[in-house]
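As stored in work-v9.cif (mmCIF, C-alpha atoms):
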data_upload
#
loop_
_atom_site.label_atom_id
_atom_site.label_comp_id
_atom_site.auth_asym_id
_atom_site.auth_seq_id
_atom_site.Cartn_x
_atom_site.Cartn_y
_atom_site.Cartn_z
CA MET N 1 13.65 -35.07 52.15
CA SER N 2 11.91 -32.31 54.08
CA THR N 3 8.63 -30.41 53.94
CA HIS N 4 8.88 -26.62 54.07
CA HIS N 5 5.97 -24.36 55.02
CA PHE N 6 6.68 -21.00 53.38
CA ALA N 7 4.48 -17.91 53.86
CA PRO N 8 5.46 -15.34 51.20
CA THR N 9 5.70 -11.64 52.03
CA VAL N 10 7.60 -10.37 48.98
CA PHE N 11 6.40 -10.90 45.41
CA TYR N 12 8.15 -10.36 42.09
CA ASN N 13 6.90 -9.18 38.70
CA THR N 14 9.98 -10.46 36.92
CA MET N 15 11.67 -13.84 36.89
CA GLY N 16 15.40 -13.53 37.29
CA ALA N 17 18.30 -13.81 39.70
CA HIS N 18 16.47 -12.37 42.71
CA GLU N 19 17.54 -13.11 46.25
CA PRO N 20 16.24 -16.57 47.22
CA ALA N 21 13.14 -16.48 49.39
CA CYS N 22 13.56 -20.07 50.56
CA ARG N 23 16.34 -22.66 50.21
CA ILE N 24 15.34 -26.26 49.62
CA ARG N 25 16.89 -29.51 48.40
CA SER N 26 16.08 -31.99 45.68
CA GLY N 27 13.29 -34.25 46.93
CA ASP N 28 11.84 -31.61 49.25
CA THR N 29 8.20 -30.58 49.34
CA VAL N 30 6.98 -27.00 49.76
CA VAL N 31 3.61 -25.90 51.14
CA THR N 32 2.97 -22.27 50.22
CA SER N 33 0.47 -19.86 48.68
CA THR N 34 0.12 -17.44 45.78
CA ILE N 35 -1.72 -14.17 45.28
CA ASP N 36 -3.86 -13.32 42.27
CA ALA N 37 -2.77 -11.61 39.05
CA ARG N 38 -3.63 -8.16 40.44
CA GLY N 39 -1.77 -8.74 43.72
CA ASP N 40 -4.66 -9.58 46.08
CA ASP N 41 -4.28 -12.33 48.68
CA LYS N 42 -6.87 -14.72 50.09
CA HIS N 43 -8.27 -11.93 52.30
CA LEU N 44 -8.55 -9.61 49.24
CA ARG N 45 -5.76 -7.45 50.63
CA ALA N 46 -3.48 -5.85 48.05
CA VAL N 47 -0.05 -7.24 48.99
CA GLY N 48 1.51 -7.20 45.50
CA VAL N 49 1.17 -5.35 42.22
CA ARG N 50 0.09 -6.46 38.76
CA PRO N 51 0.85 -8.24 36.55
CA ASN N 52 1.21 -11.76 37.93
CA PRO N 53 3.20 -11.25 41.14
CA MET N 54 5.22 -14.38 41.87
CA THR N 55 5.88 -16.33 45.05
CA GLY N 56 9.56 -17.29 45.41
CA PRO N 57 12.16 -17.75 44.20
CA PHE N 58 12.95 -21.16 45.66
CA HIS N 59 16.65 -22.00 45.53
CA VAL N 60 17.20 -25.74 45.00
CA GLU N 61 20.65 -26.48 46.44
CA GLU N 62 21.75 -29.19 43.99
CA ALA N 63 20.55 -27.44 40.80
CA GLU N 64 23.23 -26.13 38.44
CA PRO N 65 23.10 -24.67 34.92
CA GLY N 66 22.58 -27.48 32.44
CA ASP N 67 20.42 -29.54 34.81
CA THR N 68 16.65 -29.96 34.61
CA LEU N 69 14.29 -29.09 37.45
CA ALA N 70 11.28 -31.40 37.80
CA VAL N 71 8.37 -29.88 39.72
CA ARG N 72 5.45 -32.10 40.68
CA PHE N 73 2.32 -30.13 41.55
CA ASP N 74 0.90 -32.10 44.48
CA ARG N 75 -1.96 -29.71 45.32
CA LEU N 76 -3.33 -26.60 43.63
CA TYR N 77 -6.57 -25.09 44.90
CA PRO N 78 -8.16 -21.67 45.39
CA ASN N 79 -8.05 -20.39 48.97
CA ARG N 80 -10.87 -17.84 48.74
CA ASP N 81 -14.46 -17.84 47.53
CA SER N 82 -14.12 -15.20 44.81
CA GLY N 83 -12.32 -14.59 41.54
CA TRP N 84 -12.50 -12.30 38.53
CA THR N 85 -12.23 -12.24 34.76
CA ALA N 86 -12.53 -9.82 31.88
CA ASN N 87 -16.06 -9.73 30.49
CA VAL N 88 -15.40 -9.93 26.71
CA LEU N 89 -13.00 -11.71 24.37
CA ASN N 90 -9.75 -9.96 23.48
CA HIS N 91 -8.77 -8.52 20.12
CA GLN N 92 -6.19 -11.22 19.29
CA VAL N 93 -8.93 -13.73 18.49
CA LEU N 94 -11.54 -11.47 16.86
CA GLU N 95 -11.78 -9.63 13.56
CA ALA N 96 -11.22 -5.91 14.10
CA GLU N 97 -14.75 -4.83 13.15
CA LEU N 98 -16.33 -7.42 15.42
CA PHE N 99 -14.07 -6.49 18.34
CA ALA N 100 -15.00 -2.81 17.89
CA SER N 101 -18.66 -3.74 18.24
CA MET N 102 -18.19 -5.61 21.52
CA ALA N 103 -19.35 -4.35 24.91
CA PRO N 104 -16.82 -2.20 26.81
CA ARG N 105 -14.10 -4.28 28.43
CA GLN N 106 -14.60 -4.54 32.20
CA ILE N 107 -13.65 -6.78 35.11
CA VAL N 108 -16.44 -8.98 36.44
CA GLY N 109 -16.64 -11.10 39.57
CA TRP N 110 -17.02 -14.85 39.99
CA ASP N 111 -18.25 -16.76 43.04
CA ILE N 112 -16.18 -19.83 43.92
CA ASP N 113 -17.77 -22.69 45.85
CA LEU N 114 -14.69 -24.21 47.48
CA ALA N 115 -16.52 -27.13 49.04
CA GLY N 116 -18.62 -27.90 45.97
CA GLY N 117 -15.77 -27.35 43.52
CA THR N 118 -17.61 -25.01 41.16
CA THR N 119 -17.64 -21.38 40.07
CA ARG N 120 -20.17 -19.02 38.44
CA LEU N 121 -20.43 -15.39 37.39
CA THR N 122 -21.55 -13.22 40.29
CA ASP N 123 -23.95 -11.29 38.06
CA CYS N 124 -24.76 -13.99 35.55
CA PRO N 125 -26.47 -12.85 32.31
CA PRO N 126 -30.01 -14.26 32.17
CA GLU N 127 -29.33 -16.02 28.85
CA LEU N 128 -26.76 -18.24 30.63
CA GLY N 129 -29.40 -19.54 33.03
CA GLY N 130 -27.85 -21.80 35.69
CA PHE N 131 -24.39 -21.62 34.13
CA ARG N 132 -21.85 -23.07 36.56
CA LEU N 133 -18.41 -24.52 35.86
CA PRO N 134 -16.46 -27.21 37.70
CA LEU N 135 -13.17 -25.97 39.08
CA ALA N 136 -10.06 -27.03 37.12
CA PRO N 137 -7.29 -25.22 39.04
CA PHE N 138 -3.83 -24.62 37.58
CA LEU N 139 -1.00 -22.09 37.74
CA GLY N 140 -0.86 -19.74 34.77
CA CYS N 141 2.69 -18.58 35.44
CA PHE N 142 5.73 -20.40 36.81
CA GLY N 143 9.33 -21.03 35.83
CA THR N 144 12.99 -20.77 36.63
CA ALA N 145 15.32 -17.77 36.37
CA PRO N 146 16.15 -17.16 32.69
CA ALA N 147 19.56 -17.46 31.06
CA ARG N 148 22.13 -14.68 30.67
CA ARG N 149 21.08 -13.01 33.94
CA GLU N 150 17.96 -11.68 32.23
CA HIS N 151 14.92 -10.55 34.19
CA ILE N 152 11.81 -11.36 32.14
CA ALA N 153 8.45 -9.85 33.03
CA THR N 154 5.83 -12.22 34.41
CA ALA N 155 3.45 -11.04 31.67
CA SER N 156 5.60 -12.92 29.16
CA SER N 157 7.25 -16.31 28.63
CA ALA N 158 10.34 -17.88 27.06
CA GLU N 159 12.59 -20.94 27.45
CA HIS N 160 12.48 -20.64 31.25
CA GLY N 161 8.68 -20.95 31.39
CA GLY N 162 6.79 -17.89 32.58
CA ASN N 163 3.25 -16.84 31.74
CA MET N 164 2.20 -19.85 29.66
CA ASP N 165 -1.39 -20.22 30.92
CA TYR N 166 -1.51 -23.88 29.94
CA ARG N 167 -4.33 -25.59 31.75
CA ARG N 168 -2.88 -29.11 31.82
CA PHE N 169 -0.40 -28.11 34.55
CA THR N 170 -2.87 -29.27 37.20
CA ALA N 171 -2.41 -31.15 40.47
CA GLY N 172 -0.74 -34.48 39.74
CA SER N 173 1.20 -33.20 36.74
CA THR N 174 4.96 -32.70 36.59
CA ALA N 175 6.68 -29.78 34.88
CA TYR N 176 10.27 -30.01 33.61
CA LEU N 177 12.18 -26.73 33.38
CA PRO N 178 15.67 -25.81 32.17
CA VAL N 179 18.11 -24.65 34.84
CA PHE N 180 20.08 -21.54 33.85
CA GLU N 181 21.13 -20.15 37.25
CA PRO N 182 22.68 -21.87 40.29
CA GLY N 183 19.80 -23.10 42.45
CA ALA N 184 17.35 -22.88 39.50
CA LEU N 185 15.37 -20.12 41.30
CA PHE N 186 11.82 -21.40 40.88
CA PHE N 187 8.90 -18.93 40.85
CA LEU N 188 5.14 -19.59 40.79
CA GLY N 189 1.84 -17.70 40.78
CA ASP N 190 -1.15 -16.55 38.68
CA GLY N 191 -3.68 -19.10 39.92
CA HIS N 192 -6.65 -19.83 37.66
CA ALA N 193 -9.72 -21.57 39.07
CA VAL N 194 -10.71 -22.50 35.51
CA GLN N 195 -9.82 -21.31 32.00
CA GLY N 196 -10.45 -22.29 28.40
CA ASP N 197 -7.69 -22.87 25.84
CA GLY N 198 -5.75 -19.78 24.84
CA GLU N 199 -6.90 -17.50 27.69
CA ILE N 200 -8.87 -15.71 24.98
CA SER N 201 -10.57 -13.21 27.29
CA GLY N 202 -7.15 -12.26 28.65
CA THR N 203 -7.81 -13.98 31.98
CA GLY N 204 -8.81 -17.24 33.54
CA VAL N 205 -10.95 -17.05 36.65
CA GLU N 206 -8.18 -15.30 38.56
CA THR N 207 -7.81 -15.99 42.27
CA SER N 208 -5.30 -16.78 45.03
CA PHE N 209 -4.14 -20.34 45.68
CA ASP N 210 -2.80 -22.76 48.25
CA VAL N 211 -0.04 -24.79 46.62
CA THR N 212 2.00 -27.86 47.48
CA PHE N 213 4.82 -28.94 45.18
CA THR N 214 7.81 -31.28 45.22
CA VAL N 215 11.10 -30.70 43.37
CA ARG N 216 13.67 -33.08 41.89
CA VAL N 217 16.93 -32.19 40.17
CA ILE N 218 17.86 -34.25 37.10
CA LYS N 219 21.63 -33.83 36.91
CA GLY N 220 23.38 -33.24 33.63
CA ARG N 221 20.10 -33.33 31.71
CA SER N 222 19.67 -30.24 29.57
CA ILE N 223 16.38 -29.39 27.86
CA GLY N 224 15.58 -26.46 25.60
CA TRP N 225 11.98 -25.63 26.50
CA PRO N 226 9.51 -26.51 29.27
CA ARG N 227 8.04 -29.98 29.23
CA GLY N 228 5.32 -31.67 31.23
CA GLU N 229 3.53 -34.93 31.80
CA ASP N 230 0.52 -36.36 33.56
CA ASP N 231 -1.03 -39.81 33.64
CA THR N 232 -2.19 -39.51 30.02
CA TRP N 233 0.08 -37.13 28.13
CA LEU N 234 3.59 -36.03 27.38
CA PHE N 235 3.63 -32.37 26.34
CA ALA N 236 6.27 -29.93 25.19
CA ILE N 237 5.92 -26.14 25.28
CA GLY N 238 6.99 -23.43 22.85
CA ASN N 239 6.73 -19.74 23.76
CA ALA N 240 7.20 -17.29 20.90
CA LYS N 241 5.61 -14.97 18.38
CA PRO N 242 4.42 -15.51 15.67
CA LEU N 243 2.36 -18.54 16.57
CA GLU N 244 4.07 -20.72 13.98
CA MET N 245 7.42 -20.18 15.75
CA ALA N 246 5.88 -21.38 19.02
CA VAL N 247 4.69 -24.49 17.13
CA LYS N 248 8.23 -25.09 15.87
CA HIS N 249 9.74 -24.79 19.35
CA ALA N 250 7.15 -27.10 20.91
CA THR N 251 7.43 -29.74 18.17
CA SER N 252 11.25 -29.61 18.15
CA GLU N 253 11.31 -30.09 21.92
CA MET N 254 9.03 -33.13 21.60
CA VAL N 255 11.32 -34.58 18.91
CA ARG N 256 14.36 -34.14 21.17
CA TRP N 257 12.46 -35.78 24.03
CA LEU N 258 11.56 -38.83 21.93
CA ARG N 259 15.10 -39.12 20.59
CA ASP N 260 16.96 -38.66 23.86
CA ASP N 261 14.72 -40.39 26.40
CA TYR N 262 12.89 -42.98 24.30
CA GLY N 263 15.59 -43.86 21.75
CA LEU N 264 13.37 -43.31 18.73
CA GLY N 265 14.84 -42.64 15.29
CA ASP N 266 13.68 -39.95 12.91
CA VAL N 267 11.47 -42.22 10.79
CA ALA N 268 9.79 -43.64 13.89
CA ILE N 269 9.24 -40.11 15.22
CA GLY N 270 7.85 -39.03 11.86
CA ALA N 271 5.33 -41.85 11.86
CA LEU N 272 4.40 -41.39 15.50
CA LEU N 273 4.04 -37.61 15.60
CA GLY N 274 2.86 -37.30 12.02
CA GLN N 275 -0.21 -39.41 12.74
CA CYS N 276 -0.71 -39.12 16.50
CA VAL N 277 0.37 -35.62 17.59
CA GLU N 278 -2.14 -33.21 19.10
CA TYR N 279 -1.72 -29.47 19.65
CA GLU N 280 -3.24 -27.05 22.14
CA VAL N 281 -3.00 -23.30 22.48
CA GLY N 282 -1.76 -22.40 25.94
CA ASN N 283 -1.98 -18.65 25.46
CA ILE N 284 -2.70 -16.30 22.57
CA TYR N 285 -3.02 -13.13 24.64
CA ASN N 286 0.42 -12.54 26.13
CA PRO N 287 3.46 -10.84 24.55
CA MET N 288 4.66 -14.34 23.60
CA TYR N 289 2.17 -16.98 22.52
CA THR N 290 2.28 -20.50 23.96
CA MET N 291 1.76 -23.64 21.88
CA VAL N 292 1.75 -27.18 23.23
CA CYS N 293 2.75 -30.34 21.35
CA LYS N 294 1.09 -33.38 22.97
CA LEU N 295 1.47 -37.11 22.63
CA ARG N 296 -0.61 -39.75 24.38
CA LYS N 297 1.48 -42.07 26.54
CA SER N 298 -0.62 -44.96 25.28
CA MET N 299 0.95 -44.46 21.84
CA LEU N 300 4.43 -44.95 23.30
CA ALA N 301 3.25 -47.99 25.26
CA MET N 302 2.53 -49.69 21.93
CA ILE N 303 6.18 -49.42 20.87
CA ALA N 304 8.48 -52.19 22.08
CA GLY N 305 11.48 -50.98 24.01
CA SER N 306 10.27 -47.39 24.27
CA GLU N 307 10.62 -47.05 28.03
CA PRO N 308 12.39 -43.78 28.92
CA ASP N 309 16.08 -44.01 29.77
CA ALA N 310 17.04 -43.72 33.41
CA ARG N 311 18.45 -40.30 34.23
CA ARG N 312 20.62 -39.43 37.20
CA GLU N 313 18.59 -37.61 39.81
CA VAL N 314 19.53 -36.31 43.24
#
Spell out the structure here as structure tokens.
Amino acid sequence: MSTHHFAPTVFYNTMGAHEPACRIRSGDTVVTSTIDARGDDKHLRAVGVRPNPMTGPFHVEEAEPGDTLAVRFDRLYPNRDSGWTANVLNHQVLEAELFASMAPRQIVGWDIDLAGGTTRLTDCPPELGGFRLPLAPFLGCFGTAPARREHIATASSAEHGGNMDYRRFTAGSTAYLPVFEPGALFFLGDGHAVQGDGEISGTGVETSFDVTFTVRVIKGRSIGWPRGEDDTWLFAIGNAKPLEMAVKHATSEMVRWLRDDYGLGDVAIGALLGQCVEYEVGNIYNPMYTMVCKLRKSMLAMIAGSEPDARREV
């Protein structure tokens, strides 16, 4: 197990079978950085182009199609004292007449207090008073190379991950991603200092990040859609349009997870999810919407014999 310090110089606006930027092994840790969604680095230099330029891809030597790549986010934090957002809500969440009456859409600045762990609008409207938000950093966009040698734009998302904008992928969480290409080819970027559910203004507080992550390959374990977990939750992701299709993908992936790893039957799953499931909107702005099906780990802890099966990792 090694630690790699990788300074990116080339950034991609598609996820696909690009030339590996760095070769690593299962169990390795990577210390790297990302640039913001417009392509600006921590010095506010334009080193990439919009939308969502990605760091990577990282080629994981043991990963083969049909495996699962587990990515633990060890550290995610802004590396500059400024960010930006859109100033008004987007049309996907507003009635047409109301959206037409809104102020013109513009980009506005945010000040980030790195030491204090907060952020506020640079030119804060007086009606917000001392409005200041605690930082809740996460990566809006990450994933593996898609299947069938596709190159999918980083504005969108699918089975491989992509621009999901789900704010529970914070430091300490683990993402599970399908492997479609040899080496998995893991990409990451689109750092958000904070964001509400759905990214309903079309942005989080966009900024550049310092990132540390650790990878594991789960051999012979095939999943259909991205999954994740933290200390409290299991969550499964569906990326699709219309929104109801994203709900179906996310819920189906959770059902497969409970069947395959926890040995639960259909009636048990029906009782558990039917009464205990929770949903969140990851994104309702992008070309594909993201829905999240969540289950508290404490619910599984109540069920005798529901420990997850051991899976072969390398």
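Look at range 15-22 of chain N: the protein and nucleic acid residues within 6 Å of it, using all atoms listed in the file and passing over chain neighbours fewer than 2 places away, are Gly56, Pro57, Phe58, His59, Ala145, Pro146, Glu150, His151 and Ile152 of chain N.
Residues matched by the PyMOL selection byres ((chain N and resi 41-53) around 6) in this structure: Phe11, Tyr12, Asn13, Ile35, Ala37, Arg38, Gly39, Asp40, Met54, Asn79, Arg80, Thr154, Asp190 and Ser208 of chain N.
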Evaluating the PyMOL selection byres ((chain N and resi 119) around 12) on the displayed file yields which residues, as a tab-separated table (two decimals) with C-alpha atoms, keeping the file's coordinate frame?
chain	number	residue	atom	x	y	z
N	78	PRO	CA	-8.16	-21.67	45.39
N	80	ARG	CA	-10.87	-17.84	48.74
N	81	ASP	CA	-14.46	-17.84	47.53
N	82	SER	CA	-14.12	-15.20	44.81
N	83	GLY	CA	-12.32	-14.59	41.54
N	84	TRP	CA	-12.50	-12.30	38.53
N	85	THR	CA	-12.23	-12.24	34.76
N	109	GLY	CA	-16.64	-11.10	39.57
N	110	TRP	CA	-17.02	-14.85	39.99
N	111	ASP	CA	-18.25	-16.76	43.04
N	112	ILE	CA	-16.18	-19.83	43.92
N	113	ASP	CA	-17.77	-22.69	45.85
N	114	LEU	CA	-14.69	-24.21	47.48
N	115	ALA	CA	-16.52	-27.13	49.04
N	116	GLY	CA	-18.62	-27.90	45.97
N	117	GLY	CA	-15.77	-27.35	43.52
N	118	THR	CA	-17.61	-25.01	41.16
N	120	ARG	CA	-20.17	-19.02	38.44
N	121	LEU	CA	-20.43	-15.39	37.39
N	122	THR	CA	-21.55	-13.22	40.29
N	124	CYS	CA	-24.76	-13.99	35.55
N	130	GLY	CA	-27.85	-21.80	35.69
N	131	PHE	CA	-24.39	-21.62	34.13
N	132	ARG	CA	-21.85	-23.07	36.56
N	133	LEU	CA	-18.41	-24.52	35.86
N	134	PRO	CA	-16.46	-27.21	37.70
N	135	LEU	CA	-13.17	-25.97	39.08
N	136	ALA	CA	-10.06	-27.03	37.12
N	137	PRO	CA	-7.29	-25.22	39.04
N	192	HIS	CA	-6.65	-19.83	37.66
N	193	ALA	CA	-9.72	-21.57	39.07
N	194	VAL	CA	-10.71	-22.50	35.51
N	195	GLN	CA	-9.82	-21.31	32.00
N	204	GLY	CA	-8.81	-17.24	33.54
N	205	VAL	CA	-10.95	-17.05	36.65
N	206	GLU	CA	-8.18	-15.30	38.56
N	207	THR	CA	-7.81	-15.99	42.27
Residues within 12 Å of Ile200 in chain N, please, as a PyMOL selection string. Count only C-alpha atoms; anything in the same chain fewer than 5 positions from it doesn't count.
chain N and resi 85-94+165+195+205+281-286+289
Within 6 Å of (5.9, -33.5, 33.8) (coordinates as in the file), grab all the protein and nucleic acid residues, counting all atoms listed in the file, and write them out as JSON, numbers by chain.
{"N": [173, 174, 175, 176, 228, 229]}
To test your reading of the syntax: which residues would the PyMOL selection byres ((chain N and resi 33) around 8) return for the file shown? Reply as a list in words.
Phe6, Ala7, Pro8, Val31, Thr32, Thr34, Ile35, Thr55, Ser208, Phe209, Asp210 and Val211 of chain N
Would you compute the distance between CA of His5 in chain N and CA of Val30 in chain N? Give it in Å to one decimal.
6.0 Å
Best match for closeness to Thr14 in chain N among N:Tyr166, N:Arg149, N:Ile107, N:Gly183, counting all atoms listed in the file:
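Under the stated criterion, the closest residue is N:Arg149.
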Between N:Arg296, N:Arg227, N:His4, N:Arg167, smallest distance to Leu139 in chain N by only C-alpha atoms belongs to N:Arg167
Enclose all atoms of range 12-26 of chain N listed in the file in an axis-aligned box, grow every side by 4 Å, and hand back centre and edge lengths in Å to one decimal, as AutoDock Vina command-line options.
--center_x 12.6 --center_y -20.6 --center_z 43.7 --size_x 19.4 --size_y 30.8 --size_z 21.7
Length of the CA of Phe235 in chain N to CA of Tyr279 in chain N vector [Å]:
9.0 Å
Kindly add N, CA and C atoms to the incomplete range 76-96 of chain N and provide the output as a compact mmCIF listing (two decimals), keeping the file's coordinate frame.
# COMPACT_ATOMS: atom_id res chain seq x y z
N LEU N 76 -3.07 -27.96 44.11
CA LEU N 76 -3.33 -26.60 43.63
C LEU N 76 -4.81 -26.33 43.84
N TYR N 77 -5.14 -25.33 44.66
CA TYR N 77 -6.57 -25.09 44.90
C TYR N 77 -6.78 -23.65 45.38
N PRO N 78 -7.86 -23.02 44.91
CA PRO N 78 -8.16 -21.67 45.39
C PRO N 78 -8.31 -21.63 46.91
N ASN N 79 -7.91 -20.52 47.51
CA ASN N 79 -8.05 -20.39 48.97
C ASN N 79 -8.99 -19.26 49.36
N ARG N 80 -9.84 -18.83 48.41
CA ARG N 80 -10.87 -17.84 48.74
C ARG N 80 -12.09 -18.11 47.85
N ASP N 81 -13.20 -17.50 48.21
CA ASP N 81 -14.46 -17.84 47.53
C ASP N 81 -14.82 -16.85 46.43
N SER N 82 -13.83 -16.15 45.89
CA SER N 82 -14.12 -15.20 44.81
C SER N 82 -12.96 -15.15 43.82
N GLY N 83 -13.30 -14.79 42.59
CA GLY N 83 -12.32 -14.59 41.54
C GLY N 83 -12.82 -13.52 40.59
N TRP N 84 -12.11 -13.32 39.49
CA TRP N 84 -12.50 -12.30 38.53
C TRP N 84 -11.97 -12.64 37.14
N THR N 85 -12.66 -12.11 36.15
CA THR N 85 -12.23 -12.24 34.76
C THR N 85 -12.54 -10.94 34.03
N ALA N 86 -12.02 -10.83 32.81
CA ALA N 86 -12.53 -9.82 31.88
C ALA N 86 -13.87 -10.31 31.33
N ASN N 87 -14.69 -9.36 30.88
CA ASN N 87 -16.06 -9.73 30.49
C ASN N 87 -16.22 -10.06 29.02
N VAL N 88 -15.26 -9.67 28.15
CA VAL N 88 -15.40 -9.93 26.71
C VAL N 88 -14.10 -10.53 26.18
N LEU N 89 -14.18 -11.13 25.00
CA LEU N 89 -13.00 -11.71 24.37
C LEU N 89 -12.03 -10.62 23.93
N ASN N 90 -10.76 -10.97 23.83
CA ASN N 90 -9.75 -9.96 23.48
C ASN N 90 -9.54 -9.89 21.97
N HIS N 91 -8.86 -8.83 21.54
CA HIS N 91 -8.77 -8.52 20.12
C HIS N 91 -7.90 -9.51 19.34
N GLN N 92 -7.04 -10.28 20.02
CA GLN N 92 -6.19 -11.22 19.29
C GLN N 92 -6.97 -12.33 18.61
N VAL N 93 -8.19 -12.61 19.06
CA VAL N 93 -8.93 -13.73 18.49
C VAL N 93 -10.18 -13.29 17.73
N LEU N 94 -10.36 -11.98 17.55
CA LEU N 94 -11.54 -11.47 16.86
C LEU N 94 -11.14 -10.58 15.70
N GLU N 95 -11.96 -10.59 14.65
CA GLU N 95 -11.78 -9.63 13.56
C GLU N 95 -11.98 -8.22 14.11
N ALA N 96 -11.26 -7.26 13.55
CA ALA N 96 -11.22 -5.91 14.10
C ALA N 96 -12.61 -5.29 14.18
